[in-house]
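Here is the structure we will look at, set down as structure tokens.
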Amino acid sequence: MAFETVTGYCWPQSAVAGERVALHLSSAGGRPVAVEVARVGSERVVVHEEVDVPVGDHPTPTDAPAHGCRWPIALDVAIDPSWRSGYHEVLLSIDVDGKRRESRAFFIVRPPAERTSSTILLALGTNTWHAYNDFGGRNLYTGATQSSMLRPMAPGYLWKPDGAGQRVTSLHPPDHQSASHVGYLRMNHLSPWGGSAGWPNWELPFVRWAEGEGYDIDVVTNADLEEHPELLGPDSPYRLYLSVGHDEYWSGPMRDTVEGFIARGGNAAFLSGNTAFWQVRLEDATNDGTTSDGGAGPAATMVGYKGFFKQDPVFGTDRQAELTTIWSDHLLDRPENHMTGVSFTRGGYHRIGKRVTRGAGGYTLHRPEHWIFDGTGLDYGDVLGAEVTIVGYECDGCDFTYRDGLPYPTGTDGTPGNFEILGTAPAAHFTRTTASRPPAPTEPSEIEFIASRLFDDRDPASVERIAHGHAVLGSYVSSGGGTVITSGCTDWVWGLAERDRHVEQITRNILDRLM
């Protein structure tokens with residue numbers, strides 16, 4: 001940053017009662033650090049404080065994005081049995097010439113091993129946070145193929161000030177005077193990628209609303225679904241799995257855990273978009289079963305080759321099922337539609353960049369008789385959530401056709417045959433001329449890349465097949481009896497944050513019926 005401050009990261013990133021979380025810190029000039037740990041939900045509750053913690057001034061290694069900062073432990077914190085499961089903010093502060101400088105780290109308190117009172121499990125999109133995190137330099141969007149979890153989160157991923165332009169979604173048509181998102185990020189000295197991932201963008205407003213409504217929700221990280229599959233195993237106490245906001249990066253074991261849960265009759269609500277678009281692998285930082293800090297522990301590096309998937313060591317091997325390309329790639333043949341019912345490949349963007357810039361920002365309803373609309377008074381053709389722009393940023397859809405005026409999935413993209421399309425809104429992928437960050441002349445545009453992975457061809461005819469996408473709000477029931485709901489968009493939660501009465505009632509219907 002432009003001024004002297006304190007920064008740090010926690011390891012492990014999730015823990016249960018009786019375990020300890022280490023804080024790896026660096027303080028400008030070696031100044032002592034005040035540490036405040038607080039559980040953040042409907043309220044912010046301080047659970048632990050330390051003052052004058054001795055901390056050294058440590059440089060950020062040039063290879064930190066891939067291999068971590070490797071800073072020493074400044075403090076470790078024991079997880080008290082009284083602490084509730086949830087997101088825990090670690091507020092770090094120092095005094096610089098009479099001015100308070102602060103930053104944040106985080107860890108998650110997992111639910112206890114014994115049965116919990118909650119029947120709802122929310123997995124935070126932490127893999128996506130790490131994919132976008134550009135602390136120390138590159139991220140998976142600027143050429144990196146590894147993202148270390150052993151480094152701080154860049155400014156904007158764990159805390160943001162309120163203000164116009166906070167949402168990446170445009171809330172007004174382009175000819176309307178309004179604060180820009182890019183201007184907001186620059187003014188507040190936040191990462192240029194800070195609008196696309198992180199705790200304050202989606203999960204924080206959801207947890208605030210849900211706990212404020214009296215719902216008891218346990219919280220884990222994405223990685224916990226891989227490292228602790230028993231959370232949703234045959235003896236799981238949970239009836240409902242939740243994904244909220246932008247949940248883009250999934251490992252194979254994560255999908256195994258969630259899909260197994262649904263197949264056994266568990267319910268899932270994907271109040272998220274761009275969900276499970278990319279496959280990633282979680283690996284040990286040193287590839288020898290230890291973390292880069294030298295101790296045995298959970299995987300500390302996320303691997304994602306993305307557009308460079310042919311450079312992935314598993315490409316063309318007997319491990320190609322782990323290839324870090326999009327889940328809908330014909331090389332994997334495991335489209336995310338199998339799990340969520342929808343895919344970003346058949347969706348795109350709404351109210352961002354030059355894509356659907358004057359879109360309604362809400363869903364046109366097709367089947368208002370479905371139980372999720374009970375008590376709303378909504379009818380066929382009504383538009384849901386436009387006043388607060390709940391359709392925005394990244395959207396997921398499915399291939400569908402019309403019969404007697406109603407949309408039905410074709411199933412050609414992997415969407416279950418009994419998937420009910422409840423609402424839609426137009427969405428479109430970035431082309432060479434409409435992208436917010438245009439590709440280099442030698443690179444394919446986003447829509448060309450997606451077409452090449454779906455159809456093994458990016459000729460104009462293949463591109464045209466996915467040029468007219470939709471955000472799709474829908475539902476299906478698995479063969480095991482589990483109900484799956486998808487919002488088909490990242491921004492559903494903003495209907496809760498802005499207290500849209502229809503979005504609130506629908507969300508209550510989902511939670512009350514499926515929990």
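In the structure tokens, each chain is lettered A, B, ... as it comes, each chain's residues begin at 1, and ligands are numbered from 1 in order of appearance.
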
Within 9 Å of stretch 205-222 of chain A, counting only C-alpha atoms, which residues qualify if same-chain residues fewer than 4 places away don't, as a compact mmCIF listing (two decimals) with all heavy atoms, in the first residue's frame?
# COMPACT_ATOMS: atom_id res chain seq x y z
N GLN A 13 -7.07 -21.85 7.82
CA GLN A 13 -8.14 -20.89 7.60
C GLN A 13 -9.47 -21.35 8.19
O GLN A 13 -10.43 -20.58 8.18
CB GLN A 13 -8.29 -20.60 6.10
CG GLN A 13 -7.13 -19.76 5.58
CD GLN A 13 -7.27 -19.37 4.13
OE1 GLN A 13 -8.06 -19.95 3.38
NE2 GLN A 13 -6.49 -18.39 3.71
N SER A 14 -9.53 -22.57 8.67
CA SER A 14 -10.70 -23.00 9.43
C SER A 14 -10.24 -23.93 10.53
O SER A 14 -9.25 -24.63 10.39
CB SER A 14 -11.74 -23.69 8.52
OG SER A 14 -11.36 -25.01 8.22
N VAL A 40 -18.36 -12.25 12.95
CA VAL A 40 -19.19 -11.30 12.22
C VAL A 40 -20.40 -12.03 11.65
O VAL A 40 -20.27 -12.97 10.86
CB VAL A 40 -18.41 -10.63 11.08
CG1 VAL A 40 -19.30 -9.63 10.34
CG2 VAL A 40 -17.17 -9.92 11.64
N GLY A 41 -21.58 -11.61 12.10
CA GLY A 41 -22.84 -12.15 11.59
C GLY A 41 -23.85 -11.03 11.57
O GLY A 41 -23.57 -9.94 11.04
N SER A 42 -25.02 -11.27 12.16
CA SER A 42 -25.97 -10.16 12.26
C SER A 42 -25.42 -9.07 13.16
O SER A 42 -25.77 -7.90 13.05
CB SER A 42 -27.31 -10.66 12.82
OG SER A 42 -27.14 -11.24 14.09
N GLU A 43 -24.51 -9.46 14.06
CA GLU A 43 -23.78 -8.52 14.91
C GLU A 43 -22.29 -8.85 14.85
O GLU A 43 -21.90 -9.95 14.48
CB GLU A 43 -24.25 -8.60 16.36
CG GLU A 43 -25.72 -8.28 16.57
CD GLU A 43 -26.13 -8.44 18.01
OE1 GLU A 43 -25.54 -9.28 18.72
OE2 GLU A 43 -27.05 -7.71 18.43
N ARG A 84 -19.12 -19.59 18.39
CA ARG A 84 -20.05 -20.14 17.39
C ARG A 84 -19.35 -20.32 16.05
O ARG A 84 -18.41 -19.60 15.71
CB ARG A 84 -21.23 -19.19 17.19
CG ARG A 84 -22.21 -19.10 18.34
CD ARG A 84 -23.27 -18.06 18.02
NE ARG A 84 -24.01 -18.37 16.79
CZ ARG A 84 -24.81 -17.51 16.17
NH1 ARG A 84 -24.97 -16.28 16.67
NH2 ARG A 84 -25.44 -17.87 15.08
N SER A 85 -19.83 -21.28 15.29
CA SER A 85 -19.35 -21.42 13.92
C SER A 85 -19.63 -20.12 13.17
O SER A 85 -20.69 -19.50 13.34
CB SER A 85 -20.06 -22.58 13.22
OG SER A 85 -19.72 -22.63 11.85
N GLY A 86 -18.68 -19.71 12.35
CA GLY A 86 -18.90 -18.50 11.58
C GLY A 86 -17.60 -17.87 11.11
O GLY A 86 -16.50 -18.35 11.40
N TYR A 87 -17.76 -16.78 10.37
CA TYR A 87 -16.64 -15.99 9.88
C TYR A 87 -16.09 -15.16 11.02
O TYR A 87 -16.83 -14.45 11.71
CB TYR A 87 -17.11 -15.09 8.75
CG TYR A 87 -16.06 -14.15 8.20
CD1 TYR A 87 -15.30 -14.49 7.10
CD2 TYR A 87 -15.85 -12.89 8.79
CE1 TYR A 87 -14.34 -13.61 6.58
CE2 TYR A 87 -14.91 -12.01 8.29
CZ TYR A 87 -14.15 -12.38 7.18
OH TYR A 87 -13.20 -11.51 6.69
N ILE A 108 -12.22 -19.16 9.80
CA ILE A 108 -13.57 -19.68 9.99
C ILE A 108 -13.56 -20.66 11.15
O ILE A 108 -12.68 -21.51 11.24
CB ILE A 108 -14.07 -20.42 8.72
CG1 ILE A 108 -13.94 -19.52 7.49
CG2 ILE A 108 -15.49 -20.93 8.91
CD1 ILE A 108 -14.66 -18.21 7.58
N VAL A 109 -14.53 -20.53 12.03
CA VAL A 109 -14.74 -21.56 13.06
C VAL A 109 -15.74 -22.55 12.50
O VAL A 109 -16.90 -22.20 12.22
CB VAL A 109 -15.24 -20.95 14.37
CG1 VAL A 109 -15.60 -22.06 15.37
CG2 VAL A 109 -14.19 -20.03 14.97
N ARG A 110 -15.28 -23.77 12.26
CA ARG A 110 -16.16 -24.82 11.76
C ARG A 110 -17.09 -25.30 12.86
O ARG A 110 -16.79 -25.16 14.05
CB ARG A 110 -15.35 -26.03 11.25
CG ARG A 110 -14.49 -25.75 10.04
CD ARG A 110 -14.08 -27.04 9.34
NE ARG A 110 -13.52 -28.05 10.22
CZ ARG A 110 -12.26 -28.09 10.63
NH1 ARG A 110 -11.40 -27.14 10.25
NH2 ARG A 110 -11.84 -29.07 11.41
N PRO A 111 -18.21 -25.88 12.47
CA PRO A 111 -19.12 -26.45 13.48
C PRO A 111 -18.43 -27.60 14.21
O PRO A 111 -17.52 -28.24 13.67
CB PRO A 111 -20.31 -26.94 12.66
CG PRO A 111 -19.79 -27.09 11.27
CD PRO A 111 -18.74 -26.04 11.10
N THR A 116 -24.65 -30.66 15.61
CA THR A 116 -24.89 -29.25 15.82
C THR A 116 -26.39 -28.99 15.83
O THR A 116 -27.16 -29.81 15.32
CB THR A 116 -24.23 -28.43 14.70
OG1 THR A 116 -24.66 -27.08 14.78
CG2 THR A 116 -24.62 -28.95 13.32
N SER A 117 -26.79 -27.87 16.38
CA SER A 117 -28.22 -27.54 16.40
C SER A 117 -28.70 -27.04 15.04
O SER A 117 -29.90 -27.04 14.76
CB SER A 117 -28.50 -26.47 17.46
OG SER A 117 -27.78 -25.28 17.18
N SER A 118 -27.77 -26.62 14.18
CA SER A 118 -28.15 -26.08 12.88
C SER A 118 -28.38 -27.21 11.88
O SER A 118 -27.76 -28.27 11.94
CB SER A 118 -27.06 -25.16 12.34
OG SER A 118 -27.37 -24.72 11.03
N THR A 119 -29.27 -26.96 10.92
CA THR A 119 -29.49 -27.90 9.82
C THR A 119 -29.12 -27.28 8.48
O THR A 119 -29.38 -27.84 7.43
CB THR A 119 -30.97 -28.35 9.76
OG1 THR A 119 -31.81 -27.20 9.58
CG2 THR A 119 -31.36 -29.09 11.03
N ILE A 120 -28.48 -26.09 8.54
CA ILE A 120 -28.06 -25.38 7.32
C ILE A 120 -26.55 -25.20 7.35
O ILE A 120 -25.99 -24.73 8.34
CB ILE A 120 -28.73 -24.00 7.22
CG1 ILE A 120 -30.25 -24.11 7.30
CG2 ILE A 120 -28.32 -23.30 5.92
CD1 ILE A 120 -30.96 -22.76 7.33
N LEU A 121 -25.88 -25.54 6.25
CA LEU A 121 -24.44 -25.36 6.14
C LEU A 121 -24.14 -24.45 4.96
O LEU A 121 -24.49 -24.75 3.82
CB LEU A 121 -23.74 -26.70 5.94
CG LEU A 121 -22.21 -26.63 5.90
CD1 LEU A 121 -21.66 -26.29 7.29
CD2 LEU A 121 -21.59 -27.93 5.41
N LEU A 122 -23.49 -23.33 5.24
CA LEU A 122 -23.05 -22.39 4.22
C LEU A 122 -21.56 -22.55 4.00
O LEU A 122 -20.77 -22.43 4.93
CB LEU A 122 -23.35 -20.95 4.67
CG LEU A 122 -22.69 -19.82 3.87
CD1 LEU A 122 -23.20 -19.79 2.44
CD2 LEU A 122 -22.91 -18.47 4.56
N ALA A 123 -21.16 -22.82 2.74
CA ALA A 123 -19.74 -22.86 2.39
C ALA A 123 -19.38 -21.54 1.71
O ALA A 123 -19.93 -21.20 0.65
CB ALA A 123 -19.44 -24.03 1.47
N LEU A 124 -18.49 -20.77 2.33
CA LEU A 124 -18.06 -19.52 1.74
C LEU A 124 -17.25 -19.78 0.47
O LEU A 124 -16.54 -20.79 0.37
CB LEU A 124 -17.19 -18.74 2.74
CG LEU A 124 -17.82 -18.43 4.10
CD1 LEU A 124 -16.84 -17.64 4.95
CD2 LEU A 124 -19.13 -17.68 3.95
N GLY A 125 -17.33 -18.86 -0.49
CA GLY A 125 -16.62 -19.04 -1.77
C GLY A 125 -15.15 -18.68 -1.67
O GLY A 125 -14.63 -17.92 -2.50
N THR A 126 -14.46 -19.24 -0.69
CA THR A 126 -13.06 -18.86 -0.43
C THR A 126 -12.13 -19.22 -1.57
O THR A 126 -11.12 -18.54 -1.78
CB THR A 126 -12.58 -19.49 0.88
OG1 THR A 126 -12.98 -20.87 0.92
CG2 THR A 126 -13.19 -18.78 2.09
N ASN A 127 -12.41 -20.30 -2.31
CA ASN A 127 -11.56 -20.60 -3.47
C ASN A 127 -11.59 -19.43 -4.45
O ASN A 127 -10.56 -19.09 -5.05
CB ASN A 127 -12.05 -21.86 -4.18
CG ASN A 127 -11.62 -23.14 -3.48
OD1 ASN A 127 -10.90 -23.10 -2.48
ND2 ASN A 127 -12.07 -24.26 -3.99
N THR A 128 -12.75 -18.84 -4.63
CA THR A 128 -12.86 -17.70 -5.55
C THR A 128 -12.14 -16.49 -5.00
O THR A 128 -11.50 -15.75 -5.75
CB THR A 128 -14.35 -17.40 -5.81
OG1 THR A 128 -14.97 -18.59 -6.31
CG2 THR A 128 -14.52 -16.28 -6.83
N TRP A 199 -15.52 -11.51 1.04
CA TRP A 199 -16.54 -11.59 2.09
C TRP A 199 -17.57 -10.46 2.02
O TRP A 199 -18.77 -10.73 2.13
CB TRP A 199 -15.81 -11.62 3.43
CG TRP A 199 -16.61 -11.36 4.66
CD1 TRP A 199 -16.53 -10.29 5.48
CD2 TRP A 199 -17.61 -12.22 5.24
NE1 TRP A 199 -17.40 -10.41 6.53
CE2 TRP A 199 -18.07 -11.59 6.42
CE3 TRP A 199 -18.15 -13.46 4.89
CZ2 TRP A 199 -19.04 -12.15 7.25
CZ3 TRP A 199 -19.13 -14.01 5.71
CH2 TRP A 199 -19.57 -13.37 6.86
N PRO A 200 -17.19 -9.19 1.85
CA PRO A 200 -18.21 -8.14 1.94
C PRO A 200 -19.14 -8.05 0.75
O PRO A 200 -20.18 -7.39 0.83
CB PRO A 200 -17.38 -6.85 2.07
CG PRO A 200 -16.07 -7.17 1.44
CD PRO A 200 -15.83 -8.62 1.71
N ASN A 201 -18.80 -8.69 -0.37
CA ASN A 201 -19.59 -8.50 -1.59
C ASN A 201 -20.92 -9.23 -1.57
O ASN A 201 -21.91 -8.73 -2.11
CB ASN A 201 -18.78 -8.96 -2.80
CG ASN A 201 -17.60 -8.06 -3.08
OD1 ASN A 201 -17.64 -6.89 -2.76
ND2 ASN A 201 -16.56 -8.61 -3.67
N GLU A 226 -13.77 -30.41 0.77
CA GLU A 226 -12.81 -31.41 0.29
C GLU A 226 -12.12 -32.11 1.44
O GLU A 226 -11.99 -33.34 1.45
CB GLU A 226 -11.78 -30.77 -0.62
CG GLU A 226 -10.66 -31.71 -1.04
CD GLU A 226 -9.77 -31.15 -2.14
OE1 GLU A 226 -10.19 -30.23 -2.86
OE2 GLU A 226 -8.64 -31.67 -2.29
N VAL A 244 -23.55 -18.99 -1.82
CA VAL A 244 -24.07 -17.62 -1.93
C VAL A 244 -23.08 -16.74 -2.70
O VAL A 244 -21.88 -16.76 -2.41
CB VAL A 244 -24.33 -17.02 -0.53
CG1 VAL A 244 -24.65 -15.54 -0.62
CG2 VAL A 244 -25.46 -17.77 0.18
N GLY A 245 -23.58 -15.98 -3.65
CA GLY A 245 -22.78 -14.95 -4.31
C GLY A 245 -21.99 -15.44 -5.50
O GLY A 245 -22.55 -15.90 -6.50
N ASP A 247 -19.28 -18.06 -6.55
CA ASP A 247 -18.70 -19.33 -6.06
C ASP A 247 -18.14 -20.09 -7.26
O ASP A 247 -18.60 -21.16 -7.61
CB ASP A 247 -19.81 -20.12 -5.36
CG ASP A 247 -19.28 -21.24 -4.48
OD1 ASP A 247 -18.05 -21.34 -4.31
OD2 ASP A 247 -20.11 -22.00 -3.96
N TYR A 249 -14.90 -21.34 -8.28
CA TYR A 249 -13.80 -22.30 -8.36
C TYR A 249 -14.05 -23.50 -7.45
O TYR A 249 -14.09 -23.35 -6.23
CB TYR A 249 -12.48 -21.61 -8.00
CG TYR A 249 -12.05 -20.61 -9.04
CD1 TYR A 249 -12.56 -19.31 -9.05
CD2 TYR A 249 -11.18 -20.96 -10.06
CE1 TYR A 249 -12.20 -18.40 -10.02
CE2 TYR A 249 -10.81 -20.06 -11.05
CZ TYR A 249 -11.32 -18.78 -11.02
OH TYR A 249 -10.97 -17.89 -11.99
N TRP A 250 -14.20 -24.67 -8.04
CA TRP A 250 -14.50 -25.89 -7.30
C TRP A 250 -13.50 -26.99 -7.66
O TRP A 250 -13.17 -27.19 -8.83
CB TRP A 250 -15.91 -26.38 -7.66
CG TRP A 250 -17.02 -25.63 -7.01
CD1 TRP A 250 -17.25 -24.29 -7.04
CD2 TRP A 250 -18.08 -26.19 -6.25
NE1 TRP A 250 -18.39 -23.98 -6.34
CE2 TRP A 250 -18.92 -25.13 -5.85
CE3 TRP A 250 -18.42 -27.50 -5.88
CZ2 TRP A 250 -20.07 -25.33 -5.08
CZ3 TRP A 250 -19.57 -27.70 -5.12
CH2 TRP A 250 -20.37 -26.63 -4.72
N SER A 251 -13.08 -27.72 -6.65
CA SER A 251 -12.26 -28.91 -6.87
C SER A 251 -13.16 -30.12 -7.09
O SER A 251 -14.35 -30.10 -6.74
CB SER A 251 -11.35 -29.17 -5.68
OG SER A 251 -12.11 -29.56 -4.54
N MET A 254 -14.68 -31.42 -3.86
CA MET A 254 -15.79 -30.57 -3.43
C MET A 254 -17.08 -30.99 -4.10
O MET A 254 -18.13 -31.14 -3.45
CB MET A 254 -15.51 -29.10 -3.79
CG MET A 254 -14.61 -28.34 -2.86
SD MET A 254 -14.37 -26.64 -3.47
CE MET A 254 -16.06 -26.04 -3.49
N VAL A 493 -28.46 -11.91 -3.35
CA VAL A 493 -28.37 -11.45 -1.97
C VAL A 493 -28.65 -9.95 -1.83
O VAL A 493 -29.09 -9.49 -0.76
CB VAL A 493 -26.99 -11.79 -1.38
CG1 VAL A 493 -25.89 -10.99 -2.02
CG2 VAL A 493 -26.97 -11.57 0.13
N TRP A 494 -28.44 -9.19 -2.90
CA TRP A 494 -28.68 -7.75 -2.78
C TRP A 494 -30.17 -7.44 -2.66
O TRP A 494 -30.55 -6.37 -2.17
CB TRP A 494 -28.03 -7.01 -3.94
CG TRP A 494 -26.55 -6.96 -3.74
CD1 TRP A 494 -25.61 -7.77 -4.31
CD2 TRP A 494 -25.84 -6.10 -2.84
NE1 TRP A 494 -24.35 -7.47 -3.82
CE2 TRP A 494 -24.47 -6.44 -2.93
CE3 TRP A 494 -26.23 -5.07 -1.98
CZ2 TRP A 494 -23.49 -5.78 -2.18
CZ3 TRP A 494 -25.25 -4.42 -1.24
CH2 TRP A 494 -23.90 -4.77 -1.34
N LEU A 496 -31.91 -9.10 -0.59
CA LEU A 496 -32.05 -9.21 0.87
C LEU A 496 -31.45 -7.99 1.55
O LEU A 496 -32.04 -7.43 2.48
CB LEU A 496 -31.36 -10.48 1.36
CG LEU A 496 -31.81 -11.79 0.71
CD1 LEU A 496 -30.97 -12.95 1.23
CD2 LEU A 496 -33.29 -12.04 0.98
N ALA A 497 -30.27 -7.58 1.09
CA ALA A 497 -29.61 -6.43 1.70
C ALA A 497 -30.45 -5.17 1.56
O ALA A 497 -30.48 -4.32 2.46
CB ALA A 497 -28.23 -6.22 1.06
N ARG A 499 -33.71 -5.20 1.23
CA ARG A 499 -35.02 -5.50 1.81
C ARG A 499 -36.15 -5.50 0.77
O ARG A 499 -37.25 -5.01 1.01
CB ARG A 499 -35.37 -4.53 2.93
CG ARG A 499 -34.31 -4.33 3.99
CD ARG A 499 -33.92 -5.58 4.74
NE ARG A 499 -35.01 -6.22 5.45
CZ ARG A 499 -34.84 -7.03 6.50
NH1 ARG A 499 -33.62 -7.26 6.97
NH2 ARG A 499 -35.87 -7.61 7.08
N ARG A 508 -37.11 -16.85 2.39
CA ARG A 508 -37.69 -17.51 3.57
C ARG A 508 -38.36 -18.82 3.16
O ARG A 508 -38.23 -19.84 3.86
CB ARG A 508 -38.71 -16.60 4.25
CG ARG A 508 -38.14 -15.37 4.93
CD ARG A 508 -39.22 -14.66 5.75
NE ARG A 508 -38.83 -13.31 6.06
CZ ARG A 508 -39.25 -12.22 5.43
NH1 ARG A 508 -40.11 -12.34 4.42
NH2 ARG A 508 -38.84 -11.02 5.79
N LEU A 511 -35.56 -21.43 2.62
CA LEU A 511 -34.92 -21.88 3.86
C LEU A 511 -35.90 -22.67 4.73
O LEU A 511 -35.55 -23.73 5.27
CB LEU A 511 -34.38 -20.68 4.63
CG LEU A 511 -33.28 -19.85 3.92
CD1 LEU A 511 -32.82 -18.72 4.84
CD2 LEU A 511 -32.11 -20.70 3.50

(request) Can you pull out every residue within 8 Å of stretch 368-371 of chain A, counting only C-alpha atoms, but drop anything in the same chain fewer than 3 positions away, and send it as a VMD selection string? (result) chain A and resid 365 374 378 to 380 422 509

(request) Considering only C-alpha atoms, return as a ChimeraX atom specification whatever protein or nucleic-acid residues lie within 7 Å of stretch 151-157 of chain A, sequence-local ones (same chain, fewer than 6 positions apart) excluded. (result) /A:7-9,64,68-69,105,133-135,190-191,194,197-200

Would you mind listing, for every residue of stretch 192-272 of chain A within 9 Å of stretch 468-492 of chain A, the two atoms forming the shortest contact and the distance between them in Å to one decimal, using only C-alpha atoms, sorted by chain and ascending residue number, as JSON lines?
{"residue": "A:Trp202", "atom": "CA", "partner": "A:Asp491", "partner_atom": "CA", "distance": 7.4}
{"residue": "A:Val244", "atom": "CA", "partner": "A:Thr490", "partner_atom": "CA", "distance": 7.5}
{"residue": "A:Gly245", "atom": "CA", "partner": "A:Thr490", "partner_atom": "CA", "distance": 4.5}
{"residue": "A:His246", "atom": "CA", "partner": "A:Thr490", "partner_atom": "CA", "distance": 5.4}
{"residue": "A:Asp247", "atom": "CA", "partner": "A:Thr490", "partner_atom": "CA", "distance": 8.3}
{"residue": "A:Phe261", "atom": "CA", "partner": "A:Gly482", "partner_atom": "CA", "distance": 8.4}
{"residue": "A:Ile262", "atom": "CA", "partner": "A:Gly482", "partner_atom": "CA", "distance": 5.3}
{"residue": "A:Ala263", "atom": "CA", "partner": "A:Gly480", "partner_atom": "CA", "distance": 4.9}
{"residue": "A:Arg264", "atom": "CA", "partner": "A:Gly480", "partner_atom": "CA", "distance": 5.2}
{"residue": "A:Gly265", "atom": "CA", "partner": "A:Gly482", "partner_atom": "CA", "distance": 3.9}
{"residue": "A:Gly266", "atom": "CA", "partner": "A:Gly482", "partner_atom": "CA", "distance": 4.8}
{"residue": "A:Asn267", "atom": "CA", "partner": "A:Gly482", "partner_atom": "CA", "distance": 4.7}
{"residue": "A:Ala268", "atom": "CA", "partner": "A:Val484", "partner_atom": "CA", "distance": 4.8}
{"residue": "A:Ala269", "atom": "CA", "partner": "A:Ile485", "partner_atom": "CA", "distance": 4.6}
{"residue": "A:Phe270", "atom": "CA", "partner": "A:Thr486", "partner_atom": "CA", "distance": 4.6}
{"residue": "A:Leu271", "atom": "CA", "partner": "A:Ser487", "partner_atom": "CA", "distance": 4.9}
{"residue": "A:Ser272", "atom": "CA", "partner": "A:Thr490", "partner_atom": "CA", "distance": 4.4}

(request) Report as a PyMOL selection string: the residues of stretch 243-444 of chain A with a DSSP assignment of alpha helix (DSSP H), based on the backbone of this structure. (result) chain A and resi 252-263+337-340

Residues from the last selection, C-alpha atoms, saved as a PDB file, in the first residue's frame:
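result_21.pdb, written as the output of this step:
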ATOM      1  CA  GLY A 252     -13.335 -32.415  -7.843  1.00  0.00           C
ATOM      2  CA  PRO A 253     -13.605 -33.593  -4.219  1.00  0.00           C
ATOM      3  CA  MET A 254     -15.794 -30.566  -3.429  1.00  0.00           C
ATOM      4  CA  ARG A 255     -18.211 -31.576  -6.145  1.00  0.00           C
ATOM      5  CA  ASP A 256     -18.116 -35.190  -4.965  1.00  0.00           C
ATOM      6  CA  THR A 257     -19.110 -34.055  -1.474  1.00  0.00           C
ATOM      7  CA  VAL A 258     -21.997 -31.824  -2.540  1.00  0.00           C
ATOM      8  CA  GLU A 259     -23.288 -34.095  -5.304  1.00  0.00           C
ATOM      9  CA  GLY A 260     -23.205 -37.078  -2.960  1.00  0.00           C
ATOM     10  CA  PHE A 261     -25.207 -35.101  -0.415  1.00  0.00           C
ATOM     11  CA  ILE A 262     -27.838 -34.177  -3.030  1.00  0.00           C
ATOM     12  CA  ALA A 263     -27.997 -37.743  -4.350  1.00  0.00           C
ATOM     13  CA  ASN A 337     -25.418 -28.358 -14.792  1.00  0.00           C
ATOM     14  CA  HIS A 338     -25.425 -31.895 -13.373  1.00  0.00           C
ATOM     15  CA  MET A 339     -25.219 -30.337  -9.892  1.00  0.00           C
ATOM     16  CA  THR A 340     -26.724 -26.850 -10.100  1.00  0.00           C
TER      17      THR A 340
END

(request) Using atom CA of A:Arg355 and atom CA of A:Thr325 as the two end points, give the distance in Å to one decimal. (result) 24.0 Å

(request) Please provide the set of residues having any atom within 8 Å of stretch 137-148 of chain A, restricted to only C-alpha atoms, with same-chain residues fewer than 5 positions apart removed, written as a PyMOL selection string. (result) chain A and resi 62+64-68+130-132+285+300-306

Take the residues from that selection and write them out as a CSV table (one decimal), in the first residue's frame, keeping N, CA and C atoms.
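What follows is the written file out-v2.csv:
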chain,number,residue,atom,x,y,z
A,62,THR,N,9.0,-12.1,-3.6
A,62,THR,CA,8.5,-11.9,-5.0
A,62,THR,C,7.7,-13.1,-5.5
A,64,ALA,N,5.4,-14.6,-3.6
A,64,ALA,CA,4.3,-14.8,-2.7
A,64,ALA,C,3.0,-15.3,-3.3
A,65,PRO,N,2.6,-14.8,-4.5
A,65,PRO,CA,1.4,-15.3,-5.0
A,65,PRO,C,1.3,-16.8,-5.2
A,66,ALA,N,2.4,-17.4,-5.6
A,66,ALA,CA,2.4,-18.8,-5.8
A,66,ALA,C,2.9,-19.6,-4.6
A,67,HIS,N,3.8,-19.1,-3.8
A,67,HIS,CA,4.4,-19.9,-2.7
A,67,HIS,C,4.2,-19.3,-1.3
A,68,GLY,N,3.5,-18.2,-1.2
A,68,GLY,CA,3.2,-17.7,0.1
A,68,GLY,C,4.2,-16.7,0.6
A,130,HIS,N,-9.4,-16.6,-3.3
A,130,HIS,CA,-8.0,-16.8,-3.5
A,130,HIS,C,-7.7,-16.7,-5.0
A,131,ALA,N,-8.6,-17.0,-5.9
A,131,ALA,CA,-8.3,-16.9,-7.3
A,131,ALA,C,-8.1,-15.5,-7.7
A,132,TYR,N,-8.9,-14.6,-7.1
A,132,TYR,CA,-8.8,-13.2,-7.5
A,132,TYR,C,-7.8,-12.4,-6.7
A,285,ALA,N,1.7,-26.9,-0.6
A,285,ALA,CA,2.5,-25.9,-1.1
A,285,ALA,C,3.9,-26.4,-1.6
A,300,ALA,N,-2.4,-25.9,1.0
A,300,ALA,CA,-2.2,-24.4,1.1
A,300,ALA,C,-2.1,-23.7,-0.3
A,301,THR,N,-2.2,-24.5,-1.4
A,301,THR,CA,-2.1,-23.9,-2.7
A,301,THR,C,-3.2,-24.3,-3.6
A,302,MET,N,-3.8,-23.4,-4.3
A,302,MET,CA,-4.8,-23.7,-5.2
A,302,MET,C,-4.3,-23.6,-6.6
A,303,VAL,N,-4.4,-24.7,-7.4
A,303,VAL,CA,-3.9,-24.7,-8.7
A,303,VAL,C,-5.0,-24.5,-9.8
A,304,GLY,N,-4.8,-23.6,-10.7
A,304,GLY,CA,-5.8,-23.4,-11.7
A,304,GLY,C,-5.1,-22.8,-13.0
A,305,TYR,N,-4.9,-23.7,-14.0
A,305,TYR,CA,-4.3,-23.3,-15.2
A,305,TYR,C,-5.2,-22.5,-16.2
A,306,LYS,N,-6.5,-22.7,-16.0
A,306,LYS,CA,-7.5,-22.0,-16.8
A,306,LYS,C,-7.2,-22.0,-18.3

(request) Go through stretch 53-252 of chain A and collect every residue that DSSP, computed from the backbone, puts in strand (DSSP E or B); the answer should be as a count of residues only. (result) 52
